[in-house]
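I have placed the structure first, in the form of structure tokens, so that the comments after it can refer back to it.
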Amino acid sequence: MTVWISRRPEADVGNELAESRSGPGLLAGIRLAVSDDIDVAGRATTAGCSEFADIPDSDAAAVAALRAEGAVLVGKTNLDQFATAVAVATGETDIAVSTDTAGSGLVAAGLQGIVGIKPTRSVISHDDGVPTCESYDCSTIFAPGLRLADTATAVLAASAPGRSWPADTTLAASSSPVVAIPDELPHLDRQWRAAFDEAVTRLQACGVRIVTVGFAPFLAAAKLGYDGALASERYSAITQFIDVHPAVALDPTVRDIIAAARDIPAHRLIAERTEVRRLQKLAMKSLAGAAALLVPTAPTHPSIAEVEGDPVGVNERLGTYTDFCNLFDMCGVAVPAGTAGDAQFGVTVLARAFDDAVALDIAALFTDEPAPATPWPLAAADHVELVVFGAHLLGGPLVHQLTDRGARFAGEITTAPRYRMTALPTTPPKPGVTRVPEGVEGAALTGHRWLLSPAALGQFLAELPAPMQLGKVEFADGSWRTAFGCDAAVPGEDISSHGSWTNALAAGAVRQA
């Protein structure tokens, strides 16, 4: 199998890259590959079957969004007919967009030693192209590193939002999250098990608490997703094409898989969807108390001879840790995690639907890059900002009231010089921030920005004790933001000259209760 089904001339790509690099887009100068089951205007979409070729008039929404931000199309990548097996990620482009139905996006990333982001299903557009299993198809972004993958996914999330995000979306993993690992690891040999153990140890060294959970419901769903009645959607997706082109040269393996789905009765499909929901409840119950599930991205890296000898069996084993993801509507981030013998080894951090930021934060612990300050879900999920000045500062004694609600730290910020800070006689000690009248000398005070969901802010506000209050505060950049304030009538010792609560504590200017 070659990497490319169609590729643009190097000169054309080079000229467009030169023009793109001078542009303002988030992906200026970035080379893009598109899996050949996703539409690109003016270029044939074949899904790996030349007789199926169709030339669309417009880009798929995902492709259009990436190109609008400066990404330059290099070409369309190869895949098995109708996306039945793993698509190939290459090092000849900077990013690639592909389809993940039963883990092909995540597994491809794991085997190539790159990053793959598979969002919660349907939060980014996957409407244009060849469906594999329409109920479970999802777009996946590949990139060499986490930051670039995150940026590209943010572009997709911002430009073509799909499902509405919950009002209580978790925007960050906690500083010491609980991560689950399976109680069984099928198909891993000694070297691959050792590589996974090393990955677990690495997380523990970062302050992650590891728990073991029952993996049986995940495995049972993976089996259904591969060879059960759910596969009938594969046949439905191309039945008209097969009926019109009965003599088409289908790949024998693809033909066998699709043909087997032809005569599956509807009642069996309904029964298996019911079974998936039952297994999903069991699986999510097993994850109770854990922020995410860590799995090997793939259990092995097969040779070409092994694939040729047993293509269906090999692909089924490759999907052991991913085939259930879209069935359970889980999000995932695949990252490199060293090697297993001579093969690339990767792990995937899986999380519940809409916990994409949590998965991203935990996956970042395996990279040399810090987690993005504003990860891609913020481009789509509703969120609000809160500026704090005292016990809710990062590292403060009450910060858990924010982090337990999924709030994300967003850096320092300083007010306009129109405020005063007093040490209030509370337990624990808290600062009171009040605005001074016109003509009265004030001070610039440093606080911390937090991003949180609207529901989290509402819960936080409902529990806020007097005399604390939230209101609009003016900042040095001229903006007005929601921040902590205080009833000006409450007495306290003025500590404004220290410039921040942290400085006042360090100077001993605050009396500890």
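Each chain in the structure tokens gets a letter, A, B and so on, in the order shown; residues start at 1 in every chain, and ligands are counted from 1 in the order they appear.
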Note to self: Env of region 287-302 of chain A: 6 Å cut, atoms = only C-alpha atoms, seq-sep filter 3 positions within chain, self excluded. Answer as a ChimeraX atom specification.
What the structure shows: /A:107,110,178-181,187-188,284,306,318,346-351
Kindly export the residues of the current selection with N, CA, C and O atoms, as a PDB file, in the first residue's frame.
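File out_32.pdb, as written:
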ATOM      1  N   VAL A 107      -5.184   4.197  16.742  1.00  0.00           N
ATOM      2  CA  VAL A 107      -4.199   3.140  16.507  1.00  0.00           C
ATOM      3  C   VAL A 107      -3.131   3.603  15.529  1.00  0.00           C
ATOM      4  O   VAL A 107      -1.939   3.334  15.727  1.00  0.00           O
ATOM      5  N   GLY A 110      -0.684   5.623  17.365  1.00  0.00           N
ATOM      6  CA  GLY A 110       0.155   4.811  18.235  1.00  0.00           C
ATOM      7  C   GLY A 110       1.241   4.074  17.491  1.00  0.00           C
ATOM      8  O   GLY A 110       2.386   3.984  17.958  1.00  0.00           O
ATOM      9  N   VAL A 178      -7.120  10.900  39.439  1.00  0.00           N
ATOM     10  CA  VAL A 178      -7.181   9.451  39.551  1.00  0.00           C
ATOM     11  C   VAL A 178      -7.358   8.886  38.146  1.00  0.00           C
ATOM     12  O   VAL A 178      -8.271   9.286  37.417  1.00  0.00           O
ATOM     13  N   VAL A 179      -6.480   7.979  37.751  1.00  0.00           N
ATOM     14  CA  VAL A 179      -6.540   7.371  36.429  1.00  0.00           C
ATOM     15  C   VAL A 179      -6.667   5.863  36.575  1.00  0.00           C
ATOM     16  O   VAL A 179      -5.927   5.240  37.345  1.00  0.00           O
ATOM     17  N   ALA A 180      -7.610   5.291  35.852  1.00  0.00           N
ATOM     18  CA  ALA A 180      -7.844   3.853  35.902  1.00  0.00           C
ATOM     19  C   ALA A 180      -7.007   3.136  34.848  1.00  0.00           C
ATOM     20  O   ALA A 180      -6.704   3.697  33.790  1.00  0.00           O
ATOM     21  N   ILE A 181      -6.641   1.903  35.134  1.00  0.00           N
ATOM     22  CA  ILE A 181      -6.007   1.020  34.158  1.00  0.00           C
ATOM     23  C   ILE A 181      -6.776  -0.300  34.154  1.00  0.00           C
ATOM     24  O   ILE A 181      -7.410  -0.665  35.147  1.00  0.00           O
ATOM     25  N   HIS A 187      -3.599  -9.696  24.615  1.00  0.00           N
ATOM     26  CA  HIS A 187      -2.765  -9.639  23.411  1.00  0.00           C
ATOM     27  C   HIS A 187      -1.439  -8.900  23.578  1.00  0.00           C
ATOM     28  O   HIS A 187      -0.713  -8.724  22.591  1.00  0.00           O
ATOM     29  N   LEU A 188      -1.075  -8.471  24.777  1.00  0.00           N
ATOM     30  CA  LEU A 188       0.219  -7.832  24.982  1.00  0.00           C
ATOM     31  C   LEU A 188       1.254  -8.886  25.352  1.00  0.00           C
ATOM     32  O   LEU A 188       1.028  -9.692  26.258  1.00  0.00           O
ATOM     33  N   MET A 284     -18.980   2.642  32.598  1.00  0.00           N
ATOM     34  CA  MET A 284     -18.886   3.933  33.272  1.00  0.00           C
ATOM     35  C   MET A 284     -18.976   3.772  34.788  1.00  0.00           C
ATOM     36  O   MET A 284     -18.337   4.512  35.541  1.00  0.00           O
ATOM     37  N   GLU A 306       2.070 -10.739   8.652  1.00  0.00           N
ATOM     38  CA  GLU A 306       1.014 -11.118   9.594  1.00  0.00           C
ATOM     39  C   GLU A 306      -0.334 -10.563   9.153  1.00  0.00           C
ATOM     40  O   GLU A 306      -1.368 -11.243   9.263  1.00  0.00           O
ATOM     41  N   LEU A 318      -5.858  -5.365  16.864  1.00  0.00           N
ATOM     42  CA  LEU A 318      -5.371  -3.988  16.953  1.00  0.00           C
ATOM     43  C   LEU A 318      -6.404  -3.068  17.606  1.00  0.00           C
ATOM     44  O   LEU A 318      -6.044  -2.073  18.236  1.00  0.00           O
ATOM     45  N   GLY A 346       2.680   3.316  22.196  1.00  0.00           N
ATOM     46  CA  GLY A 346       1.903   4.484  22.567  1.00  0.00           C
ATOM     47  C   GLY A 346       0.804   4.121  23.542  1.00  0.00           C
ATOM     48  O   GLY A 346       0.407   2.950  23.656  1.00  0.00           O
ATOM     49  N   VAL A 347       0.333   5.104  24.269  1.00  0.00           N
ATOM     50  CA  VAL A 347      -0.800   4.930  25.167  1.00  0.00           C
ATOM     51  C   VAL A 347      -1.887   5.917  24.772  1.00  0.00           C
ATOM     52  O   VAL A 347      -1.625   6.946  24.136  1.00  0.00           O
ATOM     53  N   THR A 348      -3.108   5.592  25.149  1.00  0.00           N
ATOM     54  CA  THR A 348      -4.232   6.480  24.910  1.00  0.00           C
ATOM     55  C   THR A 348      -4.911   6.786  26.234  1.00  0.00           C
ATOM     56  O   THR A 348      -5.184   5.878  27.025  1.00  0.00           O
ATOM     57  N   VAL A 349      -5.170   8.053  26.456  1.00  0.00           N
ATOM     58  CA  VAL A 349      -5.943   8.493  27.609  1.00  0.00           C
ATOM     59  C   VAL A 349      -7.380   8.666  27.143  1.00  0.00           C
ATOM     60  O   VAL A 349      -7.671   9.498  26.279  1.00  0.00           O
ATOM     61  N   LEU A 350      -8.267   7.853  27.689  1.00  0.00           N
ATOM     62  CA  LEU A 350      -9.684   7.898  27.341  1.00  0.00           C
ATOM     63  C   LEU A 350     -10.471   8.532  28.479  1.00  0.00           C
ATOM     64  O   LEU A 350     -10.188   8.270  29.647  1.00  0.00           O
ATOM     65  N   ALA A 351     -11.447   9.337  28.133  1.00  0.00           N
ATOM     66  CA  ALA A 351     -12.278   9.982  29.153  1.00  0.00           C
ATOM     67  C   ALA A 351     -13.727   9.984  28.695  1.00  0.00           C
ATOM     68  O   ALA A 351     -14.039   9.700  27.532  1.00  0.00           O
TER      69      ALA A 351
END
Checklist line | Per-residue DSSP, region 398-490 of chain A, filtered to alpha helix (DSSP H), as a list in words | finding: His400, Gln401, Leu402, Thr403, Pro454, Ala455, Ala456, Leu457, Gly458, Gln459, Phe460, Leu461 and Ala462 of chain A
Go ahead and write the selection's residues with all heavy atoms as a short mmCIF file (atom, residue, chain, number, x, y, z; two decimals), in the first residue's frame.
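Result file follows (result-v3.cif):
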data_model
loop_
_atom_site.label_atom_id
_atom_site.label_comp_id
_atom_site.auth_asym_id
_atom_site.auth_seq_id
_atom_site.Cartn_x
_atom_site.Cartn_y
_atom_site.Cartn_z
N HIS A 400 -9.35 24.22 45.90
CA HIS A 400 -10.09 23.01 45.55
C HIS A 400 -11.55 23.30 45.24
O HIS A 400 -12.21 22.54 44.52
CB HIS A 400 -10.00 21.99 46.70
CG HIS A 400 -10.64 22.45 47.97
ND1 HIS A 400 -11.98 22.22 48.24
CD2 HIS A 400 -10.15 23.14 49.03
CE1 HIS A 400 -12.27 22.74 49.42
NE2 HIS A 400 -11.19 23.31 49.93
N GLN A 401 -12.07 24.43 45.78
CA GLN A 401 -13.45 24.78 45.47
C GLN A 401 -13.63 25.10 43.99
O GLN A 401 -14.75 25.04 43.47
CB GLN A 401 -13.89 25.96 46.33
CG GLN A 401 -13.95 25.65 47.82
CD GLN A 401 -14.36 26.86 48.65
OE1 GLN A 401 -14.46 27.97 48.13
NE2 GLN A 401 -14.59 26.65 49.94
N LEU A 402 -12.55 25.45 43.33
CA LEU A 402 -12.57 25.68 41.89
C LEU A 402 -12.15 24.44 41.12
O LEU A 402 -12.83 24.02 40.18
CB LEU A 402 -11.65 26.85 41.54
CG LEU A 402 -12.05 28.22 42.08
CD1 LEU A 402 -10.96 29.24 41.82
CD2 LEU A 402 -13.37 28.67 41.46
N THR A 403 -11.03 23.84 41.49
CA THR A 403 -10.52 22.69 40.74
C THR A 403 -11.44 21.48 40.84
O THR A 403 -11.54 20.70 39.89
CB THR A 403 -9.11 22.32 41.20
OG1 THR A 403 -9.13 22.06 42.62
CG2 THR A 403 -8.13 23.46 40.92
N PRO A 454 -20.29 27.60 33.17
CA PRO A 454 -21.34 28.42 33.79
C PRO A 454 -21.96 27.75 35.01
O PRO A 454 -22.25 28.41 36.01
CB PRO A 454 -22.36 28.60 32.66
CG PRO A 454 -21.56 28.47 31.41
CD PRO A 454 -20.52 27.43 31.71
N ALA A 455 -22.18 26.43 34.92
CA ALA A 455 -22.78 25.73 36.07
C ALA A 455 -21.85 25.76 37.27
O ALA A 455 -22.29 25.93 38.41
CB ALA A 455 -23.10 24.29 35.69
N ALA A 456 -20.56 25.60 37.02
CA ALA A 456 -19.60 25.62 38.13
C ALA A 456 -19.57 26.98 38.80
O ALA A 456 -19.51 27.08 40.03
CB ALA A 456 -18.20 25.25 37.62
N LEU A 457 -19.63 28.05 38.00
CA LEU A 457 -19.64 29.40 38.59
C LEU A 457 -20.91 29.60 39.42
O LEU A 457 -20.85 30.18 40.51
CB LEU A 457 -19.55 30.45 37.50
CG LEU A 457 -19.54 31.90 38.01
CD1 LEU A 457 -18.31 32.16 38.87
CD2 LEU A 457 -19.60 32.89 36.85
N GLY A 458 -22.04 29.11 38.92
CA GLY A 458 -23.27 29.24 39.67
C GLY A 458 -23.22 28.52 41.01
O GLY A 458 -23.66 29.07 42.03
N GLN A 459 -22.67 27.31 41.02
CA GLN A 459 -22.53 26.56 42.26
C GLN A 459 -21.59 27.28 43.22
O GLN A 459 -21.84 27.36 44.43
CB GLN A 459 -22.01 25.16 41.96
CG GLN A 459 -22.96 24.29 41.16
CD GLN A 459 -22.27 23.07 40.60
OE1 GLN A 459 -21.09 22.83 40.85
NE2 GLN A 459 -23.01 22.28 39.84
N PHE A 460 -20.50 27.79 42.67
CA PHE A 460 -19.51 28.49 43.48
C PHE A 460 -20.12 29.74 44.12
O PHE A 460 -19.94 30.00 45.31
CB PHE A 460 -18.32 28.86 42.60
CG PHE A 460 -17.21 29.56 43.31
CD1 PHE A 460 -16.33 28.88 44.13
CD2 PHE A 460 -17.04 30.93 43.16
CE1 PHE A 460 -15.31 29.54 44.79
CE2 PHE A 460 -16.02 31.60 43.82
CZ PHE A 460 -15.15 30.90 44.63
N LEU A 461 -20.86 30.49 43.33
CA LEU A 461 -21.48 31.72 43.82
C LEU A 461 -22.51 31.42 44.91
O LEU A 461 -22.62 32.16 45.90
CB LEU A 461 -22.12 32.48 42.67
CG LEU A 461 -22.81 33.80 43.01
CD1 LEU A 461 -21.84 34.77 43.65
CD2 LEU A 461 -23.41 34.41 41.74
N ALA A 462 -23.25 30.32 44.73
CA ALA A 462 -24.28 29.97 45.71
C ALA A 462 -23.69 29.67 47.08
O ALA A 462 -24.35 29.85 48.10
CB ALA A 462 -25.09 28.77 45.21
#
Next item on the list: Kindly indicate which residue among A:Leu327, A:Ile495, A:Leu73, A:Leu66 lies nearest to Arg278 (chain A), using only C-alpha atoms for the distances.
Entry: A:Leu327
Item checked: Which of A:Val436, A:Ile210, A:Ala18, A:Ala60 sits closest to Pro182 (chain A) [using only C-alpha atoms] -> A:Ile210
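Summary of the local environment: counting only C-alpha atoms, residues at most 10 Å from Val333 (chain A), other than itself and those fewer than 5 positions away along its chain, are Leu106, Ala109, Val115, Gly116, Ile117, Lys118, Pro119, Thr140, Ile141, Leu146, Ala149, Leu294, Thr297, Val347, Thr348, Val349, Leu350, Ala351, Asp356, Ala357, Val358, Ala359, Leu360, Asp361, Ile362, Ala363 and Ala364 of chain A.
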Compile a residue-level contact table for region 137-157 of chain A against region 23-35 of chain A at a cut-off of 10 Å, reporting for every qualifying residue the shortest atom pair and its distance in Å to one decimal, with only C-alpha atoms counted, rows ordered by chain and ascending number, as a tab-separated table.
residue	atom	partner	partner_atom	distance
A:Ile141	CA	A:Val34	CA	9.8
A:Phe142	CA	A:Ala33	CA	9.4
A:Ala143	CA	A:Leu32	CA	9.8
A:Leu148	CA	A:Leu27	CA	8.7
A:Thr151	CA	A:Leu26	CA	7.4
A:Ala152	CA	A:Leu27	CA	7.3
A:Ala154	CA	A:Leu26	CA	9.7
A:Val155	CA	A:Leu26	CA	8.0
Item checked: Sel. of strand (DSSP E) residues, region 278-503 of chain A, as a ChimeraX atom specification -> /A:292-296,331-340,343-351,384-388,408-414,419-424,430-435,446-452,468-474,480-486,493-494
Next item on the list: Name the closest residue to Pro425 (chain A) among the candidates A:Val490, A:Ala108, A:Leu279, A:Ala371; distances are taken between atoms, counting only C-alpha atoms.
Entry: A:Val490
Neighbour list for region 405-421 of chain A as an mmCIF file with N, CA, C and O atoms, in the first residue's frame, cut-off 8 Å, only C-alpha atoms, skip fewer than 3 positions in-chain:
data_model
loop_
_atom_site.group_PDB
_atom_site.id
_atom_site.type_symbol
_atom_site.label_atom_id
_atom_site.label_comp_id
_atom_site.auth_asym_id
_atom_site.auth_seq_id
_atom_site.Cartn_x
_atom_site.Cartn_y
_atom_site.Cartn_z
ATOM 1 N N THR A 169 -19.420 21.420 31.863
ATOM 2 C CA THR A 169 -18.236 20.799 31.262
ATOM 3 C C THR A 169 -17.002 20.992 32.143
ATOM 4 O O THR A 169 -16.719 22.098 32.618
ATOM 5 N N THR A 170 -16.271 19.915 32.339
ATOM 6 C CA THR A 170 -15.013 19.978 33.079
ATOM 7 C C THR A 170 -13.926 20.498 32.149
ATOM 8 O O THR A 170 -13.686 19.926 31.083
ATOM 9 N N LEU A 171 -13.248 21.555 32.537
ATOM 10 C CA LEU A 171 -12.288 22.230 31.658
ATOM 11 C C LEU A 171 -10.838 21.899 31.968
ATOM 12 O O LEU A 171 -9.940 22.393 31.285
ATOM 13 N N ALA A 172 -10.586 21.072 32.979
ATOM 14 C CA ALA A 172 -9.210 20.738 33.325
ATOM 15 C C ALA A 172 -9.189 19.491 34.194
ATOM 16 O O ALA A 172 -10.134 19.214 34.931
ATOM 17 N N ALA A 173 -8.087 18.759 34.105
ATOM 18 C CA ALA A 173 -7.852 17.679 35.059
ATOM 19 C C ALA A 173 -7.357 18.293 36.358
ATOM 20 O O ALA A 173 -6.753 19.376 36.365
ATOM 21 N N SER A 174 -7.593 17.625 37.460
ATOM 22 C CA SER A 174 -7.091 18.120 38.737
ATOM 23 C C SER A 174 -5.577 17.972 38.790
ATOM 24 O O SER A 174 -4.966 17.303 37.950
ATOM 25 N N ALA A 373 -2.566 26.105 27.646
ATOM 26 C CA ALA A 373 -3.240 26.953 28.628
ATOM 27 C C ALA A 373 -4.720 27.088 28.308
ATOM 28 O O ALA A 373 -5.563 27.150 29.206
ATOM 29 N N THR A 374 -5.041 27.145 27.027
ATOM 30 C CA THR A 374 -6.436 27.200 26.594
ATOM 31 C C THR A 374 -6.657 26.057 25.605
ATOM 32 O O THR A 374 -6.567 26.257 24.393
ATOM 33 N N LEU A 394 -3.994 29.947 42.884
ATOM 34 C CA LEU A 394 -3.368 28.655 42.638
ATOM 35 C C LEU A 394 -2.434 28.316 43.802
ATOM 36 O O LEU A 394 -1.564 29.095 44.153
ATOM 37 N N GLN A 401 -12.070 24.425 45.780
ATOM 38 C CA GLN A 401 -13.454 24.779 45.474
ATOM 39 C C GLN A 401 -13.634 25.103 43.993
ATOM 40 O O GLN A 401 -14.746 25.039 43.471
ATOM 41 N N LEU A 402 -12.549 25.448 43.328
ATOM 42 C CA LEU A 402 -12.568 25.682 41.887
ATOM 43 C C LEU A 402 -12.151 24.437 41.120
ATOM 44 O O LEU A 402 -12.833 24.019 40.176
ATOM 45 N N PRO A 431 -8.570 38.133 51.643
ATOM 46 C CA PRO A 431 -8.455 39.561 51.340
ATOM 47 C C PRO A 431 -9.797 40.121 50.892
ATOM 48 O O PRO A 431 -10.604 39.434 50.262
ATOM 49 N N GLY A 432 -10.036 41.358 51.218
ATOM 50 C CA GLY A 432 -11.191 42.072 50.694
ATOM 51 C C GLY A 432 -10.697 43.093 49.684
ATOM 52 O O GLY A 432 -9.819 43.906 49.994
ATOM 53 N N VAL A 433 -11.228 43.056 48.474
ATOM 54 C CA VAL A 433 -10.818 43.985 47.413
ATOM 55 C C VAL A 433 -11.978 44.933 47.135
ATOM 56 O O VAL A 433 -13.101 44.505 46.854
ATOM 57 N N THR A 434 -11.708 46.230 47.254
ATOM 58 C CA THR A 434 -12.748 47.241 47.022
ATOM 59 C C THR A 434 -12.201 48.329 46.113
ATOM 60 O O THR A 434 -10.987 48.591 46.081
ATOM 61 N N ARG A 435 -13.088 48.949 45.355
ATOM 62 C CA ARG A 435 -12.691 50.023 44.447
ATOM 63 C C ARG A 435 -12.689 51.336 45.207
ATOM 64 O O ARG A 435 -13.620 51.624 45.973
ATOM 65 N N VAL A 436 -11.671 52.179 45.002
ATOM 66 C CA VAL A 436 -11.589 53.461 45.706
ATOM 67 C C VAL A 436 -12.338 54.525 44.906
ATOM 68 O O VAL A 436 -12.460 54.442 43.680
ATOM 69 N N GLU A 441 -6.253 57.750 46.110
ATOM 70 C CA GLU A 441 -5.155 56.917 45.624
ATOM 71 C C GLU A 441 -5.458 55.434 45.844
ATOM 72 O O GLU A 441 -5.868 55.009 46.921
ATOM 73 N N GLY A 442 -5.280 54.650 44.803
ATOM 74 C CA GLY A 442 -5.491 53.214 44.887
ATOM 75 C C GLY A 442 -4.217 52.464 44.518
ATOM 76 O O GLY A 442 -3.150 53.044 44.360
ATOM 77 N N ALA A 443 -4.323 51.171 44.393
ATOM 78 C CA ALA A 443 -3.172 50.323 44.070
ATOM 79 C C ALA A 443 -3.559 49.333 42.978
ATOM 80 O O ALA A 443 -4.736 49.013 42.783
ATOM 81 N N ALA A 444 -2.554 48.858 42.246
ATOM 82 C CA ALA A 444 -2.739 47.777 41.278
ATOM 83 C C ALA A 444 -2.519 46.460 42.012
ATOM 84 O O ALA A 444 -1.489 46.267 42.670
ATOM 85 N N LEU A 445 -3.470 45.559 41.923
ATOM 86 C CA LEU A 445 -3.423 44.304 42.669
ATOM 87 C C LEU A 445 -3.353 43.119 41.709
ATOM 88 O O LEU A 445 -4.051 43.091 40.692
ATOM 89 N N THR A 446 -2.521 42.149 42.049
ATOM 90 C CA THR A 446 -2.345 40.970 41.197
ATOM 91 C C THR A 446 -3.218 39.819 41.680
ATOM 92 O O THR A 446 -3.276 39.524 42.871
ATOM 93 N N GLY A 447 -3.906 39.202 40.729
ATOM 94 C CA GLY A 447 -4.740 38.038 41.034
ATOM 95 C C GLY A 447 -4.511 36.931 40.027
ATOM 96 O O GLY A 447 -3.609 36.999 39.181
ATOM 97 N N HIS A 448 -5.320 35.897 40.092
ATOM 98 C CA HIS A 448 -5.237 34.764 39.176
ATOM 99 C C HIS A 448 -6.541 34.613 38.407
ATOM 100 O O HIS A 448 -7.636 34.756 38.976
ATOM 101 N N ARG A 449 -6.415 34.300 37.129
ATOM 102 C CA ARG A 449 -7.576 34.041 36.280
ATOM 103 C C ARG A 449 -7.905 32.553 36.302
ATOM 104 O O ARG A 449 -7.027 31.710 36.194
ATOM 105 N N TRP A 450 -9.186 32.239 36.395
ATOM 106 C CA TRP A 450 -9.670 30.865 36.276
ATOM 107 C C TRP A 450 -10.782 30.828 35.232
ATOM 108 O O TRP A 450 -11.589 31.755 35.137
ATOM 109 N N LEU A 451 -10.803 29.759 34.448
ATOM 110 C CA LEU A 451 -11.871 29.528 33.486
ATOM 111 C C LEU A 451 -12.701 28.349 33.988
ATOM 112 O O LEU A 451 -12.154 27.310 34.364
ATOM 113 N N LEU A 452 -14.017 28.501 33.990
ATOM 114 C CA LEU A 452 -14.875 27.447 34.494
ATOM 115 C C LEU A 452 -16.213 27.469 33.772
ATOM 116 O O LEU A 452 -16.565 28.442 33.100
ATOM 117 N N SER A 453 -16.940 26.383 33.892
ATOM 118 C CA SER A 453 -18.230 26.286 33.212
ATOM 119 C C SER A 453 -19.248 27.198 33.892
ATOM 120 O O SER A 453 -19.109 27.537 35.069
ATOM 121 N N ALA A 456 -20.560 25.596 37.021
ATOM 122 C CA ALA A 456 -19.598 25.621 38.125
ATOM 123 C C ALA A 456 -19.570 26.981 38.796
ATOM 124 O O ALA A 456 -19.507 27.083 40.032
ATOM 125 N N VAL A 473 -14.563 44.054 37.830
ATOM 126 C CA VAL A 473 -13.356 44.745 38.279
ATOM 127 C C VAL A 473 -12.593 45.214 37.047
ATOM 128 O O VAL A 473 -12.505 44.502 36.041
ATOM 129 N N GLU A 474 -12.021 46.426 37.139
ATOM 130 C CA GLU A 474 -11.254 46.990 36.032
ATOM 131 C C GLU A 474 -9.805 46.523 36.115
ATOM 132 O O GLU A 474 -9.186 46.555 37.181
ATOM 133 N N PHE A 475 -9.252 46.137 34.948
ATOM 134 C CA PHE A 475 -7.879 45.634 34.917
ATOM 135 C C PHE A 475 -6.966 46.546 34.105
ATOM 136 O O PHE A 475 -7.427 47.457 33.404
ATOM 137 N N ALA A 476 -5.679 46.306 34.262
ATOM 138 C CA ALA A 476 -4.679 47.200 33.683
ATOM 139 C C ALA A 476 -4.783 47.295 32.166
ATOM 140 O O ALA A 476 -4.381 48.296 31.574
ATOM 141 N N ASP A 477 -5.309 46.262 31.523
ATOM 142 C CA ASP A 477 -5.446 46.296 30.061
ATOM 143 C C ASP A 477 -6.713 47.006 29.613
ATOM 144 O O ASP A 477 -7.033 47.034 28.420
ATOM 145 N N GLY A 478 -7.462 47.572 30.560
ATOM 146 C CA GLY A 478 -8.682 48.291 30.223
ATOM 147 C C GLY A 478 -9.941 47.448 30.238
ATOM 148 O O GLY A 478 -11.042 47.974 30.091
ATOM 149 N N ASP A 494 -5.428 47.385 56.050
ATOM 150 C CA ASP A 494 -5.037 47.676 54.674
ATOM 151 C C ASP A 494 -3.673 47.070 54.360
ATOM 152 O O ASP A 494 -2.683 47.326 55.053
ATOM 153 N N ILE A 495 -3.635 46.251 53.297
ATOM 154 C CA ILE A 495 -2.365 45.626 52.863
ATOM 155 C C ILE A 495 -2.113 45.917 51.388
ATOM 156 O O ILE A 495 -1.368 45.215 50.716
ATOM 157 N N SER A 496 -2.735 46.971 50.865
ATOM 158 C CA SER A 496 -2.654 47.295 49.440
ATOM 159 C C SER A 496 -1.227 47.495 48.959
ATOM 160 O O SER A 496 -0.893 47.177 47.807
#
Check: Given the choices A:Trp480, A:Tyr136, A:Phe389, A:Phe366, which gets closest to Met330 (chain A) if the distance is worked out from only C-alpha atoms?
Finding: A:Tyr136
Notebook entry, point to check: Pick the closest to Ser135 (chain A) from A:Phe328, A:Ala167, A:Leu393, A:Ala337: which is it, counting only C-alpha atoms?
Noted result: A:Phe328
Margin query: Just want the 8 Å neighbourhood of Pro166 (chain A), counted on only C-alpha atoms, with same-chain residues fewer than 2 positions away dropped. Output as a ChimeraX atom specification.
Written below: /A:164,168-169,354,381
Those same residues, written as a short mmCIF file (atom, residue, chain, number, x, y, z; two decimals), in the first residue's frame with all heavy atoms?
data_model
loop_
_atom_site.label_atom_id
_atom_site.label_comp_id
_atom_site.auth_asym_id
_atom_site.auth_seq_id
_atom_site.Cartn_x
_atom_site.Cartn_y
_atom_site.Cartn_z
N SER A 164 -24.15 20.30 21.38
CA SER A 164 -24.01 21.31 22.42
C SER A 164 -23.25 20.71 23.60
O SER A 164 -23.48 19.56 23.99
CB SER A 164 -25.41 21.77 22.89
OG SER A 164 -26.09 22.40 21.84
N ASP A 168 -22.01 22.11 32.55
CA ASP A 168 -21.06 21.80 33.62
C ASP A 168 -19.82 21.10 33.10
O ASP A 168 -19.20 20.30 33.80
CB ASP A 168 -21.73 20.94 34.70
CG ASP A 168 -22.23 19.60 34.15
OD1 ASP A 168 -22.23 19.43 32.90
OD2 ASP A 168 -22.62 18.74 34.95
N THR A 169 -19.42 21.42 31.86
CA THR A 169 -18.24 20.80 31.26
C THR A 169 -17.00 20.99 32.14
O THR A 169 -16.72 22.10 32.62
CB THR A 169 -17.96 21.40 29.88
OG1 THR A 169 -19.08 21.16 29.03
CG2 THR A 169 -16.72 20.79 29.24
N PHE A 354 -17.25 14.65 26.57
CA PHE A 354 -17.08 16.06 26.91
C PHE A 354 -15.99 16.31 27.97
O PHE A 354 -15.79 17.45 28.35
CB PHE A 354 -18.39 16.71 27.36
CG PHE A 354 -19.47 16.63 26.31
CD1 PHE A 354 -20.55 15.77 26.46
CD2 PHE A 354 -19.41 17.41 25.17
CE1 PHE A 354 -21.54 15.68 25.50
CE2 PHE A 354 -20.38 17.33 24.20
CZ PHE A 354 -21.45 16.46 24.36
N ALA A 381 -16.87 24.87 24.00
CA ALA A 381 -17.67 24.76 25.21
C ALA A 381 -17.88 26.13 25.85
O ALA A 381 -16.95 26.94 25.94
CB ALA A 381 -16.99 23.82 26.21
#
